[in-house]
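J.: If it helps, the file is called input_12.pdb and holds PDB, C-alpha atoms:
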MODEL        1
ATOM      1  CA  MET A  66      42.455  53.638 -27.216
ATOM      2  CA  SER A  67      44.784  50.943 -26.028
ATOM      3  CA  GLY A  68      42.373  48.137 -25.212
ATOM      4  CA  ALA A  69      43.620  44.599 -25.539
ATOM      5  CA  ARG A  70      42.209  42.954 -28.573
ATOM      6  CA  VAL A  71      41.243  39.267 -28.245
ATOM      7  CA  THR A  72      42.551  37.265 -31.122
ATOM      8  CA  PRO A  73      40.609  34.326 -32.562
ATOM      9  CA  PRO A  74      42.759  31.645 -30.779
ATOM     10  CA  ASP A  75      42.065  33.361 -27.443
ATOM     11  CA  ARG A  76      38.332  33.319 -28.163
ATOM     12  CA  ARG A  77      38.481  29.596 -28.822
ATOM     13  CA  LEU A  78      40.353  29.070 -25.561
ATOM     14  CA  THR A  79      37.808  31.194 -23.654
ATOM     15  CA  ARG A  80      34.896  29.247 -25.178
ATOM     16  CA  THR A  81      36.597  25.937 -24.442
ATOM     17  CA  LEU A  82      37.171  26.897 -20.800
ATOM     18  CA  ARG A  83      33.580  28.123 -20.448
ATOM     19  CA  HIS A  84      32.320  24.898 -22.026
ATOM     20  CA  ALA A  85      34.500  22.827 -19.671
ATOM     21  CA  ARG A  86      33.125  24.736 -16.660
ATOM     22  CA  LEU A  87      29.541  24.128 -17.807
ATOM     23  CA  LEU A  88      30.265  20.429 -18.312
ATOM     24  CA  ALA A  89      31.803  20.221 -14.825
ATOM     25  CA  LEU A  90      28.775  21.944 -13.263
ATOM     26  CA  GLY A  91      26.434  19.655 -15.200
ATOM     27  CA  ALA A  92      28.343  16.594 -14.031
ATOM     28  CA  LEU A  93      28.149  17.753 -10.392
ATOM     29  CA  GLY A  94      24.426  18.391 -10.775
ATOM     30  CA  ALA A  95      23.942  14.944 -12.298
ATOM     31  CA  LEU A  96      25.831  13.321  -9.433
ATOM     32  CA  ALA A  97      23.734  15.196  -6.888
ATOM     33  CA  GLY A  98      20.592  14.181  -8.784
ATOM     34  CA  CYS A  99      21.701  10.550  -8.849
ATOM     35  CA  ALA A 100      22.297  10.584  -5.116
ATOM     36  CA  GLY A 101      18.784  11.942  -4.561
ATOM     37  CA  THR A 102      17.314   9.435  -6.988
ATOM     38  CA  THR A 103      19.155   6.555  -5.371
ATOM     39  CA  SER A 104      17.890   7.583  -1.935
ATOM     40  CA  ALA A 105      14.350   8.019  -3.273
ATOM     41  CA  ALA A 106      14.559   4.665  -5.055
ATOM     42  CA  LYS A 107      15.687   2.967  -1.833
ATOM     43  CA  ASN A 108      12.800   4.547   0.094
ATOM     44  CA  ALA A 109      10.345   3.462  -2.597
ATOM     45  CA  ARG A 110      11.680  -0.092  -2.410
ATOM     46  CA  HIS A 111      11.126  -0.184   1.353
ATOM     47  CA  ALA A 112       7.618   1.276   1.083
ATOM     48  CA  THR A 113       6.382  -0.962  -1.734
ATOM     49  CA  PRO A 114       6.173  -4.752  -1.720
ATOM     50  CA  ALA A 115       8.558  -6.361  -4.223
ATOM     51  CA  ARG A 116       5.760  -8.453  -5.704
ATOM     52  CA  GLU A 117       2.000  -8.500  -5.849
ATOM     53  CA  LEU A 118       0.491 -10.441  -2.955
ATOM     54  CA  ARG A 119      -2.149 -13.101  -3.525
ATOM     55  CA  ILE A 120      -4.710 -14.780  -1.273
ATOM     56  CA  GLY A 121      -2.902 -16.908   1.297
ATOM     57  CA  GLU A 122       0.165 -14.671   1.406
ATOM     58  CA  GLY A 123       1.104 -12.258   4.159
ATOM     59  CA  ALA A 124       3.296  -9.240   4.846
ATOM     60  CA  THR A 125       4.376  -7.272   7.878
ATOM     61  CA  VAL A 126       3.183  -3.715   8.361
ATOM     62  CA  ALA A 127       4.009  -1.167  11.064
ATOM     63  CA  GLY A 128       1.277   0.480  13.082
ATOM     64  CA  ALA A 129       1.006   4.136  14.083
ATOM     65  CA  ASP A 130       2.539   3.738  17.548
ATOM     66  CA  PRO A 131       6.153   2.769  18.367
ATOM     67  CA  GLY A 132       6.580  -0.993  18.663
ATOM     68  CA  GLU A 133       3.370  -1.771  16.751
ATOM     69  CA  LYS A 134       4.060  -4.289  14.017
ATOM     70  CA  VAL A 135       1.621  -6.851  12.683
ATOM     71  CA  GLN A 136       1.933  -9.634  10.121
ATOM     72  CA  VAL A 137      -1.260  -9.641   8.029
ATOM     73  CA  THR A 138      -2.357 -12.601   5.904
ATOM     74  CA  LEU A 139      -5.373 -12.575   3.601
ATOM     75  CA  LEU A 140      -6.837 -16.047   4.156
ATOM     76  CA  ALA A 141      -9.902 -15.745   1.933
ATOM     77  CA  PHE A 142     -12.086 -13.337   0.015
ATOM     78  CA  MET A 143     -15.818 -14.091   0.011
ATOM     79  CA  PRO A 144     -17.435 -12.409  -3.005
ATOM     80  CA  ALA A 145     -20.988 -12.545  -1.655
ATOM     81  CA  ILE A 146     -22.025 -13.138   1.926
ATOM     82  CA  PRO A 147     -25.476 -13.088   3.460
ATOM     83  CA  GLY A 148     -26.298 -11.043   6.498
ATOM     84  CA  GLY A 149     -28.825 -11.747   9.185
ATOM     85  CA  ALA A 150     -32.555 -11.083   9.001
ATOM     86  CA  ASN A 151     -31.976  -7.499  10.140
ATOM     87  CA  ASP A 152     -28.914  -6.849   7.953
ATOM     88  CA  HIS A 153     -29.565  -4.957   4.734
ATOM     89  CA  PRO A 154     -26.870  -3.496   2.476
ATOM     90  CA  GLU A 155     -27.334  -0.021   1.044
ATOM     91  CA  PHE A 156     -29.240   0.319  -2.256
ATOM     92  CA  ASP A 157     -27.398  -1.415  -5.150
ATOM     93  CA  MET A 158     -24.730  -2.711  -2.750
ATOM     94  CA  GLN A 159     -23.776  -6.220  -1.620
ATOM     95  CA  TYR A 160     -21.834  -7.614   1.311
ATOM     96  CA  VAL A 161     -18.423  -9.184   0.734
ATOM     97  CA  GLY A 162     -16.088 -10.663   3.332
ATOM     98  CA  VAL A 163     -12.357 -10.367   3.925
ATOM     99  CA  GLU A 164     -10.931 -13.108   6.158
ATOM    100  CA  LEU A 165      -7.652 -12.103   7.809
ATOM    101  CA  ARG A 166      -5.110 -13.479  10.242
ATOM    102  CA  LEU A 167      -3.210 -10.847  12.242
ATOM    103  CA  LYS A 168      -0.102 -11.818  14.215
ATOM    104  CA  ASN A 169       1.536  -9.275  16.483
ATOM    105  CA  VAL A 170       5.268  -9.419  15.704
ATOM    106  CA  GLY A 171       6.026  -6.120  17.436
ATOM    107  CA  SER A 172       7.014  -5.200  20.963
ATOM    108  CA  ALA A 173       3.783  -3.376  21.863
ATOM    109  CA  ALA A 174       0.160  -4.475  21.982
ATOM    110  CA  TYR A 175      -1.638  -4.059  18.654
ATOM    111  CA  GLY A 176      -5.181  -2.749  18.841
ATOM    112  CA  GLY A 177      -7.864  -1.223  16.713
ATOM    113  CA  ALA A 178     -10.786  -2.029  14.494
ATOM    114  CA  PRO A 179      -9.873  -4.025  11.364
ATOM    115  CA  SER A 180     -13.014  -2.646   9.712
ATOM    116  CA  GLU A 181     -11.280   0.764   9.715
ATOM    117  CA  SER A 182      -8.143  -0.740   8.159
ATOM    118  CA  VAL A 183      -9.658  -2.793   5.304
ATOM    119  CA  THR A 184     -10.560  -1.359   1.897
ATOM    120  CA  VAL A 185     -11.767  -3.370  -1.095
ATOM    121  CA  SER A 186     -11.384  -1.707  -4.509
ATOM    122  CA  THR A 187     -13.372  -2.666  -7.602
ATOM    123  CA  ASN A 188     -12.845  -2.845 -11.351
ATOM    124  CA  GLU A 189     -14.848   0.376 -11.679
ATOM    125  CA  GLY A 190     -12.629   2.332  -9.310
ATOM    126  CA  GLN A 191     -14.977   2.339  -6.329
ATOM    127  CA  ARG A 192     -13.880   1.709  -2.758
ATOM    128  CA  SER A 193     -15.829  -0.337  -0.285
ATOM    129  CA  LYS A 194     -18.037   1.045   2.450
ATOM    130  CA  ARG A 195     -17.995  -0.260   5.998
ATOM    131  CA  ALA A 196     -20.556  -2.786   7.145
ATOM    132  CA  VAL A 197     -21.624  -4.294  10.450
ATOM    133  CA  LEU A 198     -23.478  -7.612  10.360
ATOM    134  CA  SER A 199     -25.558  -9.014  13.212
ATOM    135  CA  GLU A 200     -25.415 -12.639  11.991
ATOM    136  CA  GLY A 201     -23.397 -14.837   9.661
ATOM    137  CA  ALA A 202     -19.759 -15.611   8.938
ATOM    138  CA  CYS A 203     -18.601 -11.993   9.248
ATOM    139  CA  SER A 204     -20.660 -10.940  12.258
ATOM    140  CA  GLY A 205     -18.196 -11.405  15.115
ATOM    141  CA  SER A 206     -16.440  -8.700  17.095
ATOM    142  CA  PHE A 207     -13.144  -9.246  15.202
ATOM    143  CA  SER A 208     -13.867  -6.453  12.728
ATOM    144  CA  ARG A 209     -15.013  -3.927  15.348
ATOM    145  CA  GLU A 210     -12.631  -4.263  18.280
ATOM    146  CA  LEU A 211      -9.344  -6.094  18.589
ATOM    147  CA  GLU A 212      -6.341  -6.136  20.897
ATOM    148  CA  ILE A 213      -3.447  -8.539  20.300
ATOM    149  CA  ALA A 214      -0.552  -8.949  22.743
ATOM    150  CA  PRO A 215       3.006  -9.299  21.373
ATOM    151  CA  GLY A 216       3.470 -12.832  19.999
ATOM    152  CA  ALA A 217      -0.276 -13.559  19.879
ATOM    153  CA  SER A 218      -2.540 -13.722  16.827
ATOM    154  CA  ALA A 219      -6.215 -13.358  15.933
ATOM    155  CA  GLN A 220      -8.256 -14.458  12.953
ATOM    156  CA  GLY A 221     -11.625 -13.302  11.696
ATOM    157  CA  CYS A 222     -13.762 -11.803   8.980
ATOM    158  CA  VAL A 223     -14.316  -8.159   8.041
ATOM    159  CA  PRO A 224     -17.542  -7.400   6.141
ATOM    160  CA  VAL A 225     -17.699  -4.498   3.682
ATOM    161  CA  GLN A 226     -20.100  -3.315   0.987
ATOM    162  CA  ILE A 227     -19.334  -2.947  -2.719
ATOM    163  CA  PRO A 228     -21.676  -2.200  -5.658
ATOM    164  CA  VAL A 229     -23.645  -5.214  -6.927
ATOM    165  CA  VAL A 230     -22.498  -4.634 -10.521
ATOM    166  CA  ALA A 231     -18.794  -4.308  -9.626
ATOM    167  CA  THR A 232     -16.068  -6.930  -9.263
ATOM    168  CA  ALA A 233     -13.592  -6.722  -6.394
ATOM    169  CA  THR A 234      -9.987  -6.411  -7.635
ATOM    170  CA  THR A 235      -7.829  -5.640  -4.586
ATOM    171  CA  VAL A 236      -7.894  -5.800  -0.799
ATOM    172  CA  ARG A 237      -5.875  -3.220   1.142
ATOM    173  CA  PHE A 238      -4.991  -3.308   4.833
ATOM    174  CA  ALA A 239      -3.647  -0.083   6.359
ATOM    175  CA  PRO A 240      -3.508   0.220  10.161
ATOM    176  CA  SER A 241      -5.352   3.286  11.481
ATOM    177  CA  GLY A 242      -3.048   6.284  11.734
ATOM    178  CA  SER A 243      -0.239   4.594   9.777
ATOM    179  CA  SER A 244       0.985   5.399   6.274
ATOM    180  CA  ALA A 245       2.008   1.768   5.697
ATOM    181  CA  ALA A 246      -0.270  -0.641   3.825
ATOM    182  CA  VAL A 247      -0.434  -4.167   2.430
ATOM    183  CA  VAL A 248      -2.281  -4.818  -0.854
ATOM    184  CA  TRP A 249      -3.467  -8.128  -2.313
ATOM    185  CA  SER A 250      -4.619  -8.718  -5.875
ATOM    186  CA  LEU A 251      -7.820 -10.716  -6.306
ATOM    187  CA  ALA A 252      -7.173 -11.293 -10.013
ATOM    188  CA  LYS A 253      -6.584 -14.897 -10.999
ATOM    189  CA  PRO A 254      -2.926 -15.554 -11.798
ATOM    190  CA  ARG A 255      -2.154 -15.828 -15.489
ATOM    191  CA  LYS A 256      -1.099 -19.235 -16.772
ATOM    192  CA  ALA A 257       2.426 -19.463 -18.124
ATOM    193  CA  ALA A 258       2.725 -19.671 -21.904
ATOM    194  CA  GLN A 259       3.360 -23.195 -23.152
TER     195      GLN A 259
ENDMDL
END
Could you quickly redo this structure as structure tokens?

T.:
Amino acid sequence: MSGARVTPPDRRLTRTLRHARLLALGALGALAGCAGTTSAAKNARHATPARELRIGEGATVAGADPGEKVQVTLLAFMPAIPGGANDHPEFDMQYVGVELRLKNVGSAAYGGAPSESVTVSTNEGQRSKRAVLSEGACSGSFSRELEIAPGASAQGCVPVQIPVVATATTVRFAPSGSSAAVVWSLAKPRKAAQ
């Protein structure tokens, strides 16, 4: 049988070439992975605010329709608000108020019901329930029906219900039908170490 016999140096060369090919494939895979990661990281940066927003600060968020863009500012959070004589929260719930200013910075009219866009989360992981008040600071039509022309703004209060025993931690505004959102922290800022 006259088969060629591989000598030990040839085996080392074969292994070295195979190893080099594997390294080259791994490097190409890593580069492709980095490109995907970089793109994903860029998208994440655009979707997430760079810092945590606080009361008094605003951010711009796109609506569901082309040209809809609104700058939303959380003006105040009211931890307990009374309703009118005929307003009663659900059992073990309380009314809280979210005061917002919305400025249309887009090219199309912005419309909707802010009550459908606002969510208050609590320290116990619950999310707020909608509320409609007949009297008081948060009883106007702002929360139920709103249309803002390009360049115009509106300000008002949105009432919601959270459990009596819970503490509100964040306010989230997400326009109906849009995947974009703005989130504010209600936690008190920490004092710098001295």

J.: Just how far from CA of Gly132 in chain A is CA of Val170 in chain A, in Å to one decimal?

T.: 9.0 Å

J.: If we count all atoms listed in the file, what is near Leu167 in chain A at a cut-off of 8 Å, once residues fewer than 3 positions away on the same chain are taken out, given as a ChimeraX atom specification?

T.: /A:135-138,218-220

J.: For Gly205 in chain A, which residue out of A:Glu164, A:Glu133, A:Glu189, A:Glu122 is the nearest one, using all atoms listed in the file?

T.: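 Closest to Gly205 in chain A of all the choices is A:Glu164.
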
J.: Choose the residue, out of A:Gly221, A:Gly176, A:Gly190, A:Gly148, that has the smallest atom-to-atom separation from Asp130 in chain A; count all atoms listed in the file.

T.: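 Once distances to Asp130 in chain A are computed over all atoms listed in the file, the minimum belongs to A:Gly176.
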
J.: With distances taken over all atoms listed in the file, which residue among A:Ala239, A:Leu139, A:Leu165, A:Ile227 lies nearest Glu181 in chain A?

T.: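 Comparing A:Ala239, A:Leu139, A:Leu165, A:Ile227 against Glu181 in chain A, the winner is A:Ala239.
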
J.: Quick one: pull the distance between CA of Pro144 in chain A and CA of Ala246 in chain A, Å, one decimal.

T.: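 So the two atoms, CA of Pro144 in chain A and CA of Ala246 in chain A, lie 21.9 Å apart.
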
J.: Starting from the PyMOL selection byres ((chain A and resi 200) around 7), expand the selection into actual residues of this file and give them as a PDB file with C-alpha atoms, in the frame of the given file.

T.:
ATOM      1  CA  GLY A 148     -26.298 -11.043   6.498  1.00  0.00           C
ATOM      2  CA  GLY A 149     -28.825 -11.747   9.185  1.00  0.00           C
ATOM      3  CA  LEU A 198     -23.478  -7.612  10.360  1.00  0.00           C
ATOM      4  CA  SER A 199     -25.558  -9.014  13.212  1.00  0.00           C
ATOM      5  CA  GLY A 201     -23.397 -14.837   9.661  1.00  0.00           C
ATOM      6  CA  SER A 204     -20.660 -10.940  12.258  1.00  0.00           C
TER       7      SER A 204
END

J.: Rounded to one decimal, what separation in Å do you get between CA of Ala245 in chain A and CA of Ala231 in chain A?

T.: 26.5 Å

J.: Please expand the PyMOL selection byres ((chain A and resi 210) around 9) into the concrete residues it hits in this file, giving the result as a list of chain:residue names.

T.: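 After applying the PyMOL selection byres ((chain A and resi 210) around 9), what remains is A:Gly176, A:Gly177, A:Ala178, A:Pro179, A:Ser180, A:Ser206, A:Phe207, A:Ser208, A:Arg209, A:Leu211, A:Glu212.
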
J.: Which of these residues is nearest to Ser186 in chain A, using only C-alpha atoms: A:Ala150, A:Ala252, A:Ala233, A:Val223?

T.: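 Closest to Ser186 in chain A, using only C-alpha atoms: A:Ala233.
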
J.: Convert the output of the PyMOL selection byres ((chain A and resi 192) around 10) on the shown file into explicit residues, formatted as a ChimeraX atom specification.

T.: /A:184-191,193-195,225-228,233,235-236

J.: Rank nothing, just name the residue among A:Val163, A:Thr234, A:Glu117, A:Ala141 nearest to Cys203 in chain A, using all atoms listed in the file.

T.: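 Using all atoms listed in the file, Cys203 in chain A sits closest to A:Val163.
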
J.: Nearest to Met158 in chain A among A:Ile120, A:Ile146, A:Leu251, A:Ala174, with distances taken over all atoms listed in the file: which residue is it?

T.: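 For Met158 in chain A, the nearest of the candidates is A:Ile146.
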